[in-house]
Amino acid sequence: MLCALCVLCVNSSGCASRKPIADHRQPPPAEPSSTPSATADAAKRSTDVREPSATPPAVAPAPKRSKPAPTPAPAGYTEEGNASWYGLPFHGRHASNGEIYDMYKLTAAHRTLPFETMVRVTNLTNGKSTVVRITDRGPFVDNRIIDLSLAAAREVDSVDAGVVPVRVEVLGGVDPTAGFFTVQVGAFRDRGNAERLRDRLSASYSPIFIQEYDSPDGVFYRVRVGRISGEDAAHQFGEQLHDRGGFTSFVTRLDEGSPAGGNR
């Protein structure tokens with residue numbers, strides 16, 4: 001898992017960059033079960049406009065006011081960065097959305113996309129792509145943007161490489177940047193270390209969460225700071241604090257029912 005990381009966070013606006021790094025993952029099982037297909041609904045937007053009458057009647061009733069059209073979600077939201085994959089140690093355990101993780105289904109972990117978001121993932125080294133559903137939180141490793149299931153990694157031919165550059169395209173009418181976010185500033189095996197970091201930061205920042213995570217490698221205690229409206233704001237504050245203190249931060253979505261984000 002992760003070694004201890006430290007960083008801080010408060011509220012403002014901006015965004016973060018992603019860069020490639022290396023990874024080590026376990027080889028896939030010899031006889032996997034079949035992978036089900038995944039589909040996604042396309043976003044729709046009305047373009048009908050009523051033309052005004054050229055000659056209005058002499059006596060006409062007051063026109064009805066139409067309801068303003070809702071602001072459409074960002075069209076074609078994409079990001080590029082590194083994709084890893086995860087399998088056996090997590091297979092059969094609970095994913096962050098509460099369902100049991102099945103590495104033979106087309107799913108993925110992402111730190112900020114809402115659960116159930118459908119995304120197309122394209123391996124930029126070979127052009128192969130797949131569509132996955134976001135069910136988990138992660139990867140909490142620097143310079144990776146998505147963690148694919150084994151089935152999805154096979155679809156884009158990234159199992160042997162472990163980590164590959166990808167493009168992630170959000171499908172459907174979801175705004176992935178809306179909502180509340182927090183910044184992970186450390187992960188510790190010793191709860192005392194997490195509490196000391198929380199106490200040190202609490203003089204300047206609030207709220208601060210300690211999230212217990214029961215990983216396949218043992219229990220970790222994650223320290224997360226802030227409840228920030230908008231992903232861009234969360235990324236900018238993470239970058240500002242990195243510039244001030246040299247720390248690494250992980251922006252993650254605050255999922256409903258969990259004050260400090262998901263379980264993985």
# chains A, B, ... in the order shown; residues from 1 in each chain; ligands from 1

$ residues_around --residues "A:Asp157" --least-positions-apart "6" --cutoff "10 Å" --atoms "only C-alpha atoms" --output "JSON, numbers by chain"
{"A": [123, 125, 126, 127, 128, 129, 151, 164]}

$ closest_atom_pairs --of "stretch 144-178 of chain A" --to "stretch 95-117 of chain A" --cutoff "6 Å" --atoms "only C-alpha atoms" --output "tab-separated table"
residue	atom	partner	partner_atom	distance
A:Ile146	CA	A:His110	CA	5.0
A:Asp147	CA	A:Ala109	CA	4.9
A:Leu148	CA	A:Ala108	CA	4.4
A:Ser149	CA	A:Met103	CA	5.0
A:Leu150	CA	A:Met103	CA	5.2
A:Ala151	CA	A:Tyr104	CA	4.8
A:Ala152	CA	A:Leu106	CA	5.2
A:Pro176	CA	A:Leu113	CA	5.4

$ write_last_selection --atoms "N, CA and C atoms" --output "mmCIF file, in the first residue's frame"
data_model
loop_
_atom_site.group_PDB
_atom_site.id
_atom_site.type_symbol
_atom_site.label_atom_id
_atom_site.label_comp_id
_atom_site.auth_asym_id
_atom_site.auth_seq_id
_atom_site.Cartn_x
_atom_site.Cartn_y
_atom_site.Cartn_z
ATOM 1 N N ILE A 146 -6.538 6.570 -12.756
ATOM 2 C CA ILE A 146 -7.607 5.566 -12.722
ATOM 3 C C ILE A 146 -6.999 4.196 -12.487
ATOM 4 N N ASP A 147 -7.743 3.344 -11.779
ATOM 5 C CA ASP A 147 -7.330 1.978 -11.479
ATOM 6 C C ASP A 147 -8.364 1.057 -12.113
ATOM 7 N N LEU A 148 -7.979 0.304 -13.128
ATOM 8 C CA LEU A 148 -8.899 -0.545 -13.871
ATOM 9 C C LEU A 148 -9.046 -1.915 -13.227
ATOM 10 N N SER A 149 -10.200 -2.537 -13.419
ATOM 11 C CA SER A 149 -10.353 -3.939 -13.053
ATOM 12 C C SER A 149 -9.484 -4.786 -13.985
ATOM 13 N N LEU A 150 -9.274 -6.049 -13.616
ATOM 14 C CA LEU A 150 -8.507 -6.942 -14.477
ATOM 15 C C LEU A 150 -9.174 -7.085 -15.838
ATOM 16 N N ALA A 151 -10.502 -7.219 -15.856
ATOM 17 C CA ALA A 151 -11.216 -7.355 -17.127
ATOM 18 C C ALA A 151 -10.988 -6.146 -18.018
ATOM 19 N N ALA A 152 -11.056 -4.947 -17.458
ATOM 20 C CA ALA A 152 -10.853 -3.734 -18.244
ATOM 21 C C ALA A 152 -9.410 -3.634 -18.725
ATOM 22 N N PRO A 176 -18.657 16.005 -13.680
ATOM 23 C CA PRO A 176 -17.734 15.374 -12.745
ATOM 24 C C PRO A 176 -17.020 16.350 -11.821
#

$ closest_residue --among "A:Leu88, A:Ala194, A:Val168, A:Ile228" --to "A:Ser206" --atoms "only C-alpha atoms"
A:Ile228

$ closest_residue --among "A:Glu212, A:Arg222, A:Gly192, A:Phe181" --to "A:Gly238" --atoms "only C-alpha atoms"
A:Phe181

$ select_by_dssp --residues "stretch 68-236 of chain A" --states "strand (DSSP E)" --output "PyMOL selection string"
chain A and resi 78-86+107-109+118-123+129-136+146-149+164-171+180-188+208-215+218-229

$ write_last_selection --atoms "C-alpha atoms" --output "PDB file, in the first residue's frame"
ATOM      1  CA  THR A  78     -11.658  14.191 -20.700  1.00  0.00           C
ATOM      2  CA  GLU A  79      -8.401  13.794 -18.823  1.00  0.00           C
ATOM      3  CA  GLU A  80      -5.138  12.099 -19.640  1.00  0.00           C
ATOM      4  CA  GLY A  81      -2.724  10.373 -17.303  1.00  0.00           C
ATOM      5  CA  ASN A  82      -1.654   6.909 -16.167  1.00  0.00           C
ATOM      6  CA  ALA A  83      -3.895   3.895 -15.590  1.00  0.00           C
ATOM      7  CA  SER A  84      -2.975   0.956 -13.374  1.00  0.00           C
ATOM      8  CA  TRP A  85      -5.091  -2.138 -12.581  1.00  0.00           C
ATOM      9  CA  TYR A  86      -5.977  -4.097  -9.459  1.00  0.00           C
ATOM     10  CA  THR A 107     -15.306  -1.405 -13.521  1.00  0.00           C
ATOM     11  CA  ALA A 108     -12.708   1.052 -12.264  1.00  0.00           C
ATOM     12  CA  ALA A 109     -11.597   3.138  -9.296  1.00  0.00           C
ATOM     13  CA  MET A 118     -19.546   5.557 -17.271  1.00  0.00           C
ATOM     14  CA  VAL A 119     -16.199   6.371 -18.868  1.00  0.00           C
ATOM     15  CA  ARG A 120     -14.366   5.307 -21.983  1.00  0.00           C
ATOM     16  CA  VAL A 121     -10.713   4.482 -21.291  1.00  0.00           C
ATOM     17  CA  THR A 122      -8.318   4.439 -24.255  1.00  0.00           C
ATOM     18  CA  ASN A 123      -4.797   3.046 -24.052  1.00  0.00           C
ATOM     19  CA  SER A 129     -10.447   1.200 -25.543  1.00  0.00           C
ATOM     20  CA  THR A 130     -13.110  -0.059 -23.162  1.00  0.00           C
ATOM     21  CA  VAL A 131     -16.093   1.377 -21.281  1.00  0.00           C
ATOM     22  CA  VAL A 132     -16.134   0.978 -17.490  1.00  0.00           C
ATOM     23  CA  ARG A 133     -18.348   1.951 -14.565  1.00  0.00           C
ATOM     24  CA  ILE A 134     -16.858   3.834 -11.583  1.00  0.00           C
ATOM     25  CA  THR A 135     -17.459   1.804  -8.412  1.00  0.00           C
ATOM     26  CA  ASP A 136     -14.395   2.465  -6.266  1.00  0.00           C
ATOM     27  CA  ILE A 146      -7.607   5.566 -12.722  1.00  0.00           C
ATOM     28  CA  ASP A 147      -7.330   1.978 -11.479  1.00  0.00           C
ATOM     29  CA  LEU A 148      -8.899  -0.545 -13.871  1.00  0.00           C
ATOM     30  CA  SER A 149     -10.353  -3.939 -13.053  1.00  0.00           C
ATOM     31  CA  VAL A 164      -0.052   2.706 -19.285  1.00  0.00           C
ATOM     32  CA  PRO A 165      -0.910   6.237 -20.462  1.00  0.00           C
ATOM     33  CA  VAL A 166      -4.637   6.609 -21.112  1.00  0.00           C
ATOM     34  CA  ARG A 167      -7.342   9.062 -22.053  1.00  0.00           C
ATOM     35  CA  VAL A 168     -10.481   8.982 -19.860  1.00  0.00           C
ATOM     36  CA  GLU A 169     -13.697  10.307 -21.455  1.00  0.00           C
ATOM     37  CA  VAL A 170     -16.831  10.785 -19.349  1.00  0.00           C
ATOM     38  CA  LEU A 171     -20.000   9.487 -21.041  1.00  0.00           C
ATOM     39  CA  PHE A 180     -17.710  18.499  -2.487  1.00  0.00           C
ATOM     40  CA  PHE A 181     -14.133  17.282  -2.243  1.00  0.00           C
ATOM     41  CA  THR A 182     -11.450  16.775   0.378  1.00  0.00           C
ATOM     42  CA  VAL A 183      -7.657  16.439   0.292  1.00  0.00           C
ATOM     43  CA  GLN A 184      -5.795  13.442   1.682  1.00  0.00           C
ATOM     44  CA  VAL A 185      -2.592  14.601   3.373  1.00  0.00           C
ATOM     45  CA  GLY A 186      -1.293  11.393   4.939  1.00  0.00           C
ATOM     46  CA  ALA A 187      -1.856   7.649   5.406  1.00  0.00           C
ATOM     47  CA  PHE A 188      -0.459   5.845   8.464  1.00  0.00           C
ATOM     48  CA  ILE A 208     -10.068  17.340   9.439  1.00  0.00           C
ATOM     49  CA  PHE A 209     -11.053  13.662   9.106  1.00  0.00           C
ATOM     50  CA  ILE A 210      -9.283  10.451  10.066  1.00  0.00           C
ATOM     51  CA  GLN A 211     -10.615   7.607   7.931  1.00  0.00           C
ATOM     52  CA  GLU A 212      -9.879   4.004   8.887  1.00  0.00           C
ATOM     53  CA  TYR A 213      -9.242   1.819   5.864  1.00  0.00           C
ATOM     54  CA  ASP A 214      -8.978  -1.971   6.224  1.00  0.00           C
ATOM     55  CA  SER A 215      -6.753  -2.842   3.275  1.00  0.00           C
ATOM     56  CA  GLY A 218      -3.637  -4.190   7.087  1.00  0.00           C
ATOM     57  CA  VAL A 219      -5.399  -1.169   8.559  1.00  0.00           C
ATOM     58  CA  PHE A 220      -4.386   2.327   7.454  1.00  0.00           C
ATOM     59  CA  TYR A 221      -5.485   5.652   8.930  1.00  0.00           C
ATOM     60  CA  ARG A 222      -5.953   8.363   6.319  1.00  0.00           C
ATOM     61  CA  VAL A 223      -5.868  12.030   7.260  1.00  0.00           C
ATOM     62  CA  ARG A 224      -8.065  14.223   5.051  1.00  0.00           C
ATOM     63  CA  VAL A 225      -8.566  17.960   5.261  1.00  0.00           C
ATOM     64  CA  GLY A 226     -11.379  20.240   4.172  1.00  0.00           C
ATOM     65  CA  ARG A 227     -14.835  20.133   2.624  1.00  0.00           C
ATOM     66  CA  ILE A 228     -14.304  22.032  -0.612  1.00  0.00           C
ATOM     67  CA  SER A 229     -16.944  22.950  -3.186  1.00  0.00           C
TER      68      SER A 229
END

$ atom_distance --atom1 "atom CA of A:Arg137" --atom2 "atom CA of A:Asp255"
9.8 Å

$ atom_distance --atom1 "atom CA of A:Pro216" --atom2 "atom CA of A:Phe90"
6.9 Å

$ select_by_dssp --residues "stretch 101-235 of chain A" --states "helix (DSSP H, G or I)" --output "list in words"
Leu150, Ala151, Ala152, Ala153, Arg154, Glu155, Arg191, Gly192, Asn193, Ala194, Glu195, Arg196, Leu197, Arg198, Asp199, Arg200, Leu201, Ser202, Glu231, Asp232, Ala233, Ala234 and His235 of chain A

$ atom_distance --atom1 "atom CA of A:Glu256" --atom2 "atom CA of A:Ala234"
17.5 Å
